[in-house]
>>> print(open('structure-v1.cif').read())   # mmCIF, C-alpha atoms and all ligand atoms
data_start
loop_
_atom_site.label_atom_id
_atom_site.label_comp_id
_atom_site.auth_asym_id
_atom_site.auth_seq_id
_atom_site.Cartn_x
_atom_site.Cartn_y
_atom_site.Cartn_z
CA ILE A 1415 0.00 0.00 0.00
CA LYS A 1416 1.36 3.32 -1.00
CA ALA A 1417 -1.16 5.65 0.53
CA GLN A 1418 0.30 9.12 0.94
CA GLY A 1419 3.61 9.05 -0.83
CA GLY A 1420 5.28 12.22 -1.98
CA ASN A 1421 3.77 11.74 -5.37
CA GLY A 1422 -0.04 11.84 -5.23
CA PHE A 1423 -0.11 10.34 -8.69
CA TYR A 1424 0.58 6.88 -7.31
CA PHE A 1425 -2.11 7.11 -4.67
CA TYR A 1426 -4.17 4.01 -4.30
CA SER A 1427 -5.58 1.91 -1.51
CA ALA A 1428 -6.08 -1.77 -0.79
CA ASP A 1429 -9.84 -1.23 -0.76
CA MET A 1430 -9.82 0.07 -4.30
CA ASN A 1431 -7.91 -3.00 -5.42
CA VAL A 1432 -10.41 -5.35 -3.87
CA ALA A 1433 -13.30 -3.42 -5.37
CA SER A 1434 -11.80 -3.32 -8.85
CA SER A 1435 -10.81 -6.98 -8.83
CA GLN A 1436 -14.30 -7.95 -7.70
CA ARG A 1437 -15.65 -5.83 -10.48
CA LEU A 1438 -13.41 -7.51 -12.99
CA THR A 1439 -14.49 -10.96 -11.78
CA MET A 1440 -18.12 -9.97 -12.03
CA GLU A 1441 -17.59 -8.53 -15.49
CA THR A 1442 -15.97 -11.76 -16.69
CA GLN A 1443 -18.76 -13.81 -15.17
CA LEU A 1444 -21.42 -11.59 -16.69
CA ARG A 1445 -19.84 -12.02 -20.10
CA ARG A 1446 -20.25 -15.78 -19.76
CA ALA A 1447 -23.70 -15.62 -18.17
CA LEU A 1448 -25.54 -15.17 -21.43
CA GLU A 1449 -23.86 -18.15 -23.17
CA ARG A 1450 -24.34 -20.30 -20.09
CA ASN A 1451 -28.02 -19.45 -19.80
CA GLU A 1452 -27.69 -18.02 -16.33
CA PHE A 1453 -30.17 -15.19 -16.79
CA VAL A 1454 -33.82 -15.74 -15.95
CA LEU A 1455 -36.88 -13.56 -15.99
CA HIS A 1456 -39.36 -13.22 -13.18
CA TYR A 1457 -42.79 -11.77 -13.79
CA GLN A 1458 -44.75 -9.43 -11.54
CA PRO A 1459 -48.49 -9.09 -12.12
CA GLN A 1460 -50.15 -5.76 -12.87
CA LEU A 1461 -53.80 -5.43 -11.88
CA SER A 1462 -56.58 -3.23 -13.10
CA LEU A 1463 -58.22 -1.28 -10.27
CA HIS A 1464 -61.35 -1.11 -12.41
CA SER A 1465 -61.84 -4.84 -13.04
CA GLY A 1466 -59.69 -6.26 -10.25
CA ARG A 1467 -58.05 -8.57 -12.77
CA ILE A 1468 -54.49 -9.29 -13.77
CA ILE A 1469 -54.04 -7.51 -17.06
CA GLY A 1470 -50.32 -7.77 -17.54
CA MET A 1471 -46.91 -8.29 -15.99
CA GLU A 1472 -43.48 -6.73 -15.84
CA ALA A 1473 -40.52 -8.90 -16.81
CA LEU A 1474 -37.70 -8.47 -14.29
CA LEU A 1475 -34.20 -9.79 -14.88
CA ARG A 1476 -32.43 -12.11 -12.44
CA TRP A 1477 -29.01 -13.72 -12.58
CA GLN A 1478 -28.86 -17.33 -11.48
CA HIS A 1479 -25.24 -17.29 -10.34
CA PRO A 1480 -23.63 -20.77 -10.03
CA GLU A 1481 -22.34 -20.04 -6.50
CA ARG A 1482 -24.19 -17.01 -5.25
CA GLY A 1483 -27.71 -18.06 -6.23
CA LEU A 1484 -30.24 -15.57 -7.49
CA VAL A 1485 -28.62 -12.15 -7.88
CA SER A 1486 -30.76 -9.01 -7.98
CA PRO A 1487 -30.51 -6.67 -10.97
CA ALA A 1488 -29.51 -3.74 -8.77
CA GLU A 1489 -26.18 -5.55 -8.31
CA PHE A 1490 -25.33 -6.13 -11.95
CA ILE A 1491 -27.39 -3.87 -14.24
CA PRO A 1492 -25.16 -0.84 -13.65
CA LEU A 1493 -22.14 -2.90 -14.79
CA LEU A 1494 -24.06 -4.23 -17.81
CA GLU A 1495 -24.84 -0.63 -18.70
CA GLU A 1496 -21.28 0.66 -18.26
CA THR A 1497 -19.81 -2.12 -20.38
CA GLY A 1498 -22.51 -1.99 -23.05
CA MET A 1499 -23.42 -5.64 -22.40
CA ILE A 1500 -26.92 -4.40 -21.58
CA VAL A 1501 -27.64 -4.30 -25.31
CA ALA A 1502 -27.12 -8.05 -25.80
CA VAL A 1503 -28.75 -8.94 -22.50
CA GLY A 1504 -31.62 -6.55 -23.20
CA ASP A 1505 -32.17 -8.23 -26.53
CA TRP A 1506 -32.31 -11.59 -24.78
CA VAL A 1507 -34.83 -10.16 -22.29
CA LEU A 1508 -37.00 -8.84 -25.11
CA HIS A 1509 -37.03 -12.16 -26.99
CA THR A 1510 -37.55 -14.26 -23.87
CA ALA A 1511 -40.40 -12.08 -22.58
CA CYS A 1512 -42.16 -12.04 -25.95
CA ALA A 1513 -41.71 -15.82 -26.35
CA GLN A 1514 -43.10 -16.39 -22.86
CA ASN A 1515 -46.15 -14.23 -23.44
CA SER A 1516 -46.80 -15.93 -26.75
CA ALA A 1517 -46.44 -19.39 -25.14
CA TRP A 1518 -48.85 -18.45 -22.34
CA MET A 1519 -51.47 -17.36 -24.80
CA ALA A 1520 -51.02 -20.57 -26.80
CA ALA A 1521 -51.44 -22.50 -23.54
CA GLY A 1522 -54.82 -20.87 -22.94
CA LEU A 1523 -53.99 -18.05 -20.54
CA PRO A 1524 -56.01 -14.90 -21.21
CA PRO A 1525 -54.21 -12.28 -23.31
CA LEU A 1526 -51.88 -10.27 -21.07
CA ARG A 1527 -49.59 -7.38 -21.75
CA MET A 1528 -45.89 -7.99 -21.17
CA ALA A 1529 -43.93 -4.96 -19.98
CA VAL A 1530 -40.19 -4.99 -20.68
CA ASN A 1531 -37.64 -2.52 -19.31
CA LEU A 1532 -35.54 -0.76 -21.90
CA SER A 1533 -32.30 0.89 -20.80
CA ALA A 1534 -31.29 4.26 -22.22
CA ARG A 1535 -28.38 2.60 -23.98
CA GLN A 1536 -30.68 0.09 -25.69
CA PHE A 1537 -33.03 2.88 -26.66
CA ARG A 1538 -30.17 4.64 -28.45
CA GLN A 1539 -29.23 1.59 -30.53
CA ARG A 1540 -29.65 2.27 -34.21
CA ASP A 1541 -31.29 -1.09 -34.82
CA LEU A 1542 -33.73 -0.88 -31.91
CA ILE A 1543 -36.83 -0.90 -34.09
CA GLU A 1544 -35.44 -3.84 -36.03
CA SER A 1545 -34.70 -5.77 -32.82
CA VAL A 1546 -38.17 -5.15 -31.45
CA ASN A 1547 -39.75 -6.13 -34.73
CA GLN A 1548 -37.60 -9.28 -34.85
CA ALA A 1549 -38.67 -10.25 -31.34
CA LEU A 1550 -42.33 -9.89 -32.31
CA GLN A 1551 -41.91 -11.74 -35.62
CA ASN A 1552 -39.87 -14.60 -34.17
CA THR A 1553 -42.28 -15.22 -31.33
CA GLY A 1554 -45.54 -14.46 -33.11
CA LEU A 1555 -46.56 -11.99 -30.40
CA ALA A 1556 -49.02 -9.29 -31.44
CA PRO A 1557 -47.55 -5.83 -30.78
CA GLU A 1558 -50.42 -4.73 -28.53
CA HIS A 1559 -49.31 -7.42 -26.07
CA LEU A 1560 -45.93 -5.80 -25.63
CA GLU A 1561 -45.18 -2.70 -23.60
CA LEU A 1562 -41.79 -1.03 -23.33
CA GLU A 1563 -40.88 0.80 -20.13
CA ILE A 1564 -38.54 3.72 -20.56
CA THR A 1565 -37.31 6.23 -18.01
CA GLU A 1566 -37.39 9.99 -18.21
CA SER A 1567 -33.61 10.01 -18.69
CA ILE A 1568 -34.02 9.18 -22.39
CA MET A 1569 -36.03 12.35 -22.91
CA ILE A 1570 -33.35 14.75 -21.85
CA GLN A 1571 -30.85 13.41 -24.36
CA ASP A 1572 -31.53 14.44 -27.93
CA LEU A 1573 -35.27 15.04 -27.97
CA GLN A 1574 -35.62 14.80 -31.75
CA THR A 1575 -34.19 11.27 -31.89
CA THR A 1576 -36.36 10.30 -28.94
CA ILE A 1577 -39.49 11.53 -30.69
CA THR A 1578 -38.60 9.69 -33.91
CA THR A 1579 -37.82 6.42 -32.13
CA LEU A 1580 -40.93 6.55 -29.95
CA ASN A 1581 -43.10 7.30 -32.96
CA GLN A 1582 -41.66 4.32 -34.79
CA LEU A 1583 -42.34 2.05 -31.81
CA HIS A 1584 -45.84 3.48 -31.54
CA GLU A 1585 -46.44 2.81 -35.23
CA LEU A 1586 -45.47 -0.82 -34.68
CA GLY A 1587 -48.44 -0.94 -32.31
CA ILE A 1588 -46.42 -1.31 -29.12
CA GLN A 1589 -47.45 0.32 -25.84
CA ILE A 1590 -45.03 2.71 -24.20
CA SER A 1591 -44.85 3.60 -20.53
CA ILE A 1592 -42.72 5.99 -18.50
CA ASP A 1593 -41.09 4.23 -15.58
CA ASP A 1594 -40.19 5.81 -12.23
CA PHE A 1595 -42.22 8.86 -13.17
CA GLY A 1596 -41.43 11.95 -11.13
CA THR A 1597 -37.90 10.95 -10.20
CA GLY A 1598 -36.19 12.20 -13.36
CA TYR A 1599 -35.94 15.53 -15.07
CA SER A 1600 -38.53 15.32 -17.78
CA SER A 1601 -40.18 18.53 -18.75
CA LEU A 1602 -43.94 18.26 -18.79
CA SER A 1603 -44.08 19.75 -22.26
CA TYR A 1604 -42.28 16.66 -23.61
CA LEU A 1605 -45.11 14.47 -22.42
CA LYS A 1606 -47.64 15.85 -24.85
CA ARG A 1607 -45.22 15.57 -27.75
CA LEU A 1608 -44.46 11.90 -27.18
CA PRO A 1609 -46.67 8.88 -27.93
CA ILE A 1610 -46.84 7.64 -24.34
CA ASN A 1611 -49.64 5.28 -23.26
CA LYS A 1612 -48.94 4.98 -19.58
CA ILE A 1613 -47.27 6.63 -16.64
CA LYS A 1614 -45.85 4.61 -13.75
CA ILE A 1615 -45.97 6.48 -10.45
CA ASP A 1616 -42.67 5.73 -8.78
CA GLN A 1617 -42.75 3.66 -5.62
CA SER A 1618 -41.08 6.42 -3.62
CA PHE A 1619 -44.36 8.38 -3.84
CA VAL A 1620 -46.49 5.33 -3.07
CA ARG A 1621 -44.66 4.27 0.09
CA ASP A 1622 -46.15 6.97 2.36
CA ILE A 1623 -49.19 7.81 0.29
CA CYS A 1624 -51.57 7.15 3.20
CA THR A 1625 -49.68 9.20 5.76
CA ASP A 1626 -47.85 11.95 3.90
CA PRO A 1627 -50.15 14.59 2.38
CA ASP A 1628 -47.35 15.64 0.03
CA ASP A 1629 -47.13 12.17 -1.51
CA GLU A 1630 -50.90 12.03 -1.77
CA ALA A 1631 -50.86 15.37 -3.58
CA ILE A 1632 -48.13 14.21 -5.95
CA ALA A 1633 -50.01 11.01 -6.79
CA ASN A 1634 -53.17 13.06 -7.37
CA ALA A 1635 -51.32 15.42 -9.68
CA VAL A 1636 -49.74 12.59 -11.69
CA ILE A 1637 -53.08 10.80 -12.03
CA SER A 1638 -54.93 13.86 -13.31
CA LEU A 1639 -52.03 14.84 -15.54
CA GLY A 1640 -52.01 11.35 -17.06
CA HIS A 1641 -55.75 11.23 -17.52
CA ASN A 1642 -55.90 14.70 -19.05
CA LEU A 1643 -53.26 13.59 -21.54
CA LYS A 1644 -55.30 10.41 -22.27
CA MET A 1645 -52.80 8.14 -20.58
CA GLN A 1646 -53.28 5.27 -18.18
CA VAL A 1647 -51.68 5.56 -14.76
CA ILE A 1648 -50.18 2.66 -12.83
CA ALA A 1649 -48.72 2.81 -9.31
CA GLU A 1650 -45.79 0.58 -8.45
CA GLY A 1651 -44.54 -0.62 -5.10
CA VAL A 1652 -48.04 -1.09 -3.66
CA GLU A 1653 -47.50 -3.14 -0.52
CA THR A 1654 -50.68 -2.70 1.53
CA LEU A 1655 -54.42 -2.77 1.11
CA GLU A 1656 -54.55 0.79 2.47
CA GLN A 1657 -52.30 2.01 -0.34
CA LEU A 1658 -54.41 0.14 -2.88
CA GLU A 1659 -57.65 1.69 -1.56
CA GLN A 1660 -56.12 5.15 -1.47
CA LEU A 1661 -54.96 4.83 -5.08
CA ARG A 1662 -58.32 3.48 -6.17
CA ALA A 1663 -60.07 6.42 -4.48
CA GLN A 1664 -57.72 8.77 -6.32
CA GLY A 1665 -58.68 7.24 -9.67
CA CYS A 1666 -55.47 5.36 -10.42
CA ASP A 1667 -56.01 2.73 -13.14
CA GLU A 1668 -53.60 -0.05 -12.26
CA ILE A 1669 -51.34 -1.29 -9.50
CA GLN A 1670 -48.25 -3.45 -9.18
CA GLY A 1671 -46.55 -4.48 -5.96
CA TYR A 1672 -45.88 -6.95 -3.19
CA TYR A 1673 -49.41 -6.52 -1.82
CA PHE A 1674 -50.73 -8.71 -4.60
CA SER A 1675 -47.56 -10.54 -5.58
CA ARG A 1676 -43.80 -10.38 -5.73
CA PRO A 1677 -42.14 -11.03 -9.09
CA LEU A 1678 -42.51 -14.79 -9.73
CA PRO A 1679 -40.76 -17.43 -11.84
CA ALA A 1680 -42.71 -18.21 -15.04
CA GLU A 1681 -44.49 -21.33 -13.84
CA ALA A 1682 -45.61 -19.75 -10.56
CA PHE A 1683 -46.86 -16.69 -12.41
CA ALA A 1684 -48.95 -18.84 -14.78
CA GLN A 1685 -50.42 -20.69 -11.80
CA LEU A 1686 -51.35 -17.42 -10.13
CA VAL A 1687 -53.14 -16.26 -13.27
CA ARG A 1688 -55.03 -19.54 -13.59
CA LYS A 1689 -56.05 -19.41 -9.93
CA SER A 1690 -57.18 -15.80 -10.15
CA LEU A 1691 -59.51 -16.70 -13.03
CA ILE A 1692 -61.79 -18.96 -11.02
CA THR A 1693 -62.16 -16.80 -7.93
P1 LIG B 1 -38.01 -1.05 -11.88
O1 LIG B 1 -38.14 -1.14 -13.34
O2 LIG B 1 -38.47 0.20 -11.23
O3 LIG B 1 -38.73 -2.34 -11.30
C1 LIG B 1 -39.50 -2.36 -10.11
C2 LIG B 1 -38.69 -2.89 -8.97
O4 LIG B 1 -39.45 -2.79 -7.77
C3 LIG B 1 -38.34 -4.37 -9.10
O5 LIG B 1 -37.09 -4.58 -8.49
C4 LIG B 1 -39.44 -5.03 -8.28
O6 LIG B 1 -39.10 -6.32 -7.82
C5 LIG B 1 -39.57 -4.06 -7.16
N1 LIG B 1 -40.88 -4.10 -6.53
C6 LIG B 1 -42.05 -4.51 -7.05
N2 LIG B 1 -43.06 -4.38 -6.18
C7 LIG B 1 -42.52 -3.86 -5.05
C8 LIG B 1 -43.05 -3.50 -3.77
O7 LIG B 1 -44.24 -3.62 -3.49
N3 LIG B 1 -42.18 -2.99 -2.87
C9 LIG B 1 -40.86 -2.83 -3.14
N4 LIG B 1 -40.07 -2.33 -2.18
N5 LIG B 1 -40.31 -3.17 -4.34
C10 LIG B 1 -41.13 -3.68 -5.27
P2 LIG B 1 -35.99 -5.49 -9.19
O8 LIG B 1 -36.63 -6.67 -9.84
O9 LIG B 1 -34.93 -5.74 -8.17
O10 LIG B 1 -35.42 -4.57 -10.33
C11 LIG B 1 -34.70 -3.40 -10.03
C12 LIG B 1 -34.45 -2.56 -11.24
O11 LIG B 1 -33.58 -3.22 -12.16
C13 LIG B 1 -35.72 -2.28 -12.05
O12 LIG B 1 -36.46 -1.24 -11.44
C14 LIG B 1 -35.11 -1.88 -13.38
O13 LIG B 1 -34.67 -0.55 -13.35
C15 LIG B 1 -33.91 -2.80 -13.46
N6 LIG B 1 -34.24 -3.96 -14.31
C16 LIG B 1 -34.82 -5.13 -13.96
N7 LIG B 1 -34.94 -5.94 -15.04
C17 LIG B 1 -34.44 -5.25 -16.11
C18 LIG B 1 -34.28 -5.53 -17.50
O14 LIG B 1 -34.66 -6.60 -18.03
N8 LIG B 1 -33.70 -4.56 -18.27
C19 LIG B 1 -33.29 -3.37 -17.74
N9 LIG B 1 -32.72 -2.45 -18.56
N10 LIG B 1 -33.44 -3.06 -16.44
C20 LIG B 1 -34.01 -3.99 -15.63
CA CA B 2 -39.76 -0.94 -14.73
CA CA B 3 -40.12 1.56 -11.75
CA CA B 4 -36.64 1.93 -10.24
#
>>> encode(input="structure-v1.cif", output="structure tokens")
Amino acid sequence: IKAQGGNGFYFYSADMNVASSQRLTMETQLRRALERNEFVLHYQPQLSLHSGRIIGMEALLRWQHPERGLVSPAEFIPLLEETGMIVAVGDWVLHTACAQNSAWMAAGLPPLRMAVNLSARQFRQRDLIESVNQALQNTGLAPEHLELEITESIMIQDLQTTITTLNQLHELGIQISIDDFGTGYSSLSYLKRLPINKIKIDQSFVRDICTDPDDEAIANAVISLGHNLKMQVIAEGVETLEQLEQLRAQGCDEIQGYYFSRPLPAEAFAQLVRKSLIT
């Protein structure tokens, strides 16, 4: 360790070495994960507050690590993004989610909408439209059964490209939603210029919605904004019946969260849908 030598240029610490070697290991392992089929998708139901039914699900990425077990995306998505591997992995997610939805429909499940997260980097890929189209063609999924979740961050970079890309996706017949709404820097004027179908109220506003008047006011504002712009509004991170009732009273259209179900492996999700049909 050469901590505070005369020459600051050589400054480094043991901690940094451990961190960077761990990072390198993880990067190497992530590079192999795709070939070795270590990624899996879990699916979290989305419910209509109008009908009380499951109307769709969000596909959420997991890494089935050979030694560490199921690794959460918070631990590896940032690295996938930094290294650009998110494009290949994102493409796998898109294909797998579309194939799953198509298979469920063929197996007799009611038509559901599959929501897939799209990273900013993926969104900027030149061949994005082609990749999305390919995923639909290869799996036979109708475009209205696919929804892409994007964050506000894509709007602040190059608005003209964003408009063009979103319009192309919209023309394919795909649904588009804005994830984590209210946590980014999107200008409200962008909203009316973009073909957005749905706004997702971020879970940070949902958490204290029953006790914090500010959060209640924010949810109210987002719901009326969405409705006035002819968009659907979904709340995520709904963990209690009280939150659900509050959101229903405020006119929110859909909910997603642990209250109804955590994200589930494919088979468990299908079972939940089948069970919810007969009750
Ligand atoms: P997100 O898109 O905002 O996804 C919602 C996250 O909230 C998920 O975490 C979900 O498991 C969690 N969640 C759902 N209901 C509740 C609840 O009631 N309470 C709480 N506390 N949390 C809830 P997860 O699965 O760990 O994913 C974390 C983030 O990783 C996602 O946030 C998304 O940004 C990213 N991510 C996941 N899968 C993908 C993917 O396929 N592609 C890309 N680009 N990003 C992904
Ligand atoms: Ca999301
Ligand atoms: Ca979110
Ligand atoms: Ca988030």
>>> atom_distance(input="structure-v1.cif", atom1="CA of Asn1431 in chain A", atom2="CA of Ile1491 in chain A")
21.4 Å
>>> atom_distance(input="structure-v1.cif", atom1="CA of Lys1644 in chain A", atom2="atom C20 of ligand LIG 1 (chain B)")
26.5 Å
>>> closest_residue(input="structure-v1.cif", among="A:Pro1492, A:Pro1609, A:Pro1525, A:Pro1459", to="Ile1577 in chain A", atoms="all atoms listed in the file")
A:Pro1609
>>> closest_residue(input="structure-v1.cif", among="A:Asn1531, A:Gln1436, A:Gln1646, A:Asn1515", to="ligand CA 3 (chain B)", atoms="all atoms listed in the file")
A:Asn1531
>>> closest_atom_pairs(input="structure-v1.cif", of="chain A", to="ligand CA 4 (chain B)", cutoff="10 Å", atoms="all atoms listed in the file", output="Markdown table")
| residue | atom | partner | partner_atom | distance |
| --- | --- | --- | --- | --- |
| A:Ala1488 | CA | B:CA4 | CA | 9.2 |
| A:Thr1565 | CA | B:CA4 | CA | 8.9 |
| A:Asp1593 | CA | B:CA4 | CA | 7.3 |
| A:Asp1594 | CA | B:CA4 | CA | 5.6 |
| A:Phe1595 | CA | B:CA4 | CA | 9.4 |
| A:Thr1597 | CA | B:CA4 | CA | 9.1 |
| A:Asp1616 | CA | B:CA4 | CA | 7.3 |
| A:Gln1617 | CA | B:CA4 | CA | 7.9 |
| A:Ser1618 | CA | B:CA4 | CA | 9.1 |
| A:Glu1650 | CA | B:CA4 | CA | 9.4 |
| A:Gly1651 | CA | B:CA4 | CA | 9.8 |
>>> closest_residue(input="structure-v1.cif", among="A:Phe1683, A:Tyr1599, A:Phe1537, A:Tyr1604", to="ligand LIG 1 (chain B)", atoms="all atoms listed in the file")
A:Phe1537
>>> residues_around(input="structure-v1.cif", residues="range 1584-1587 of chain A", least_positions_apart="3", cutoff="7 Å", atoms="all atoms listed in the file", output="list in words")
Pro1557, Glu1558, Leu1580, Asn1581 and Pro1609 of chain A
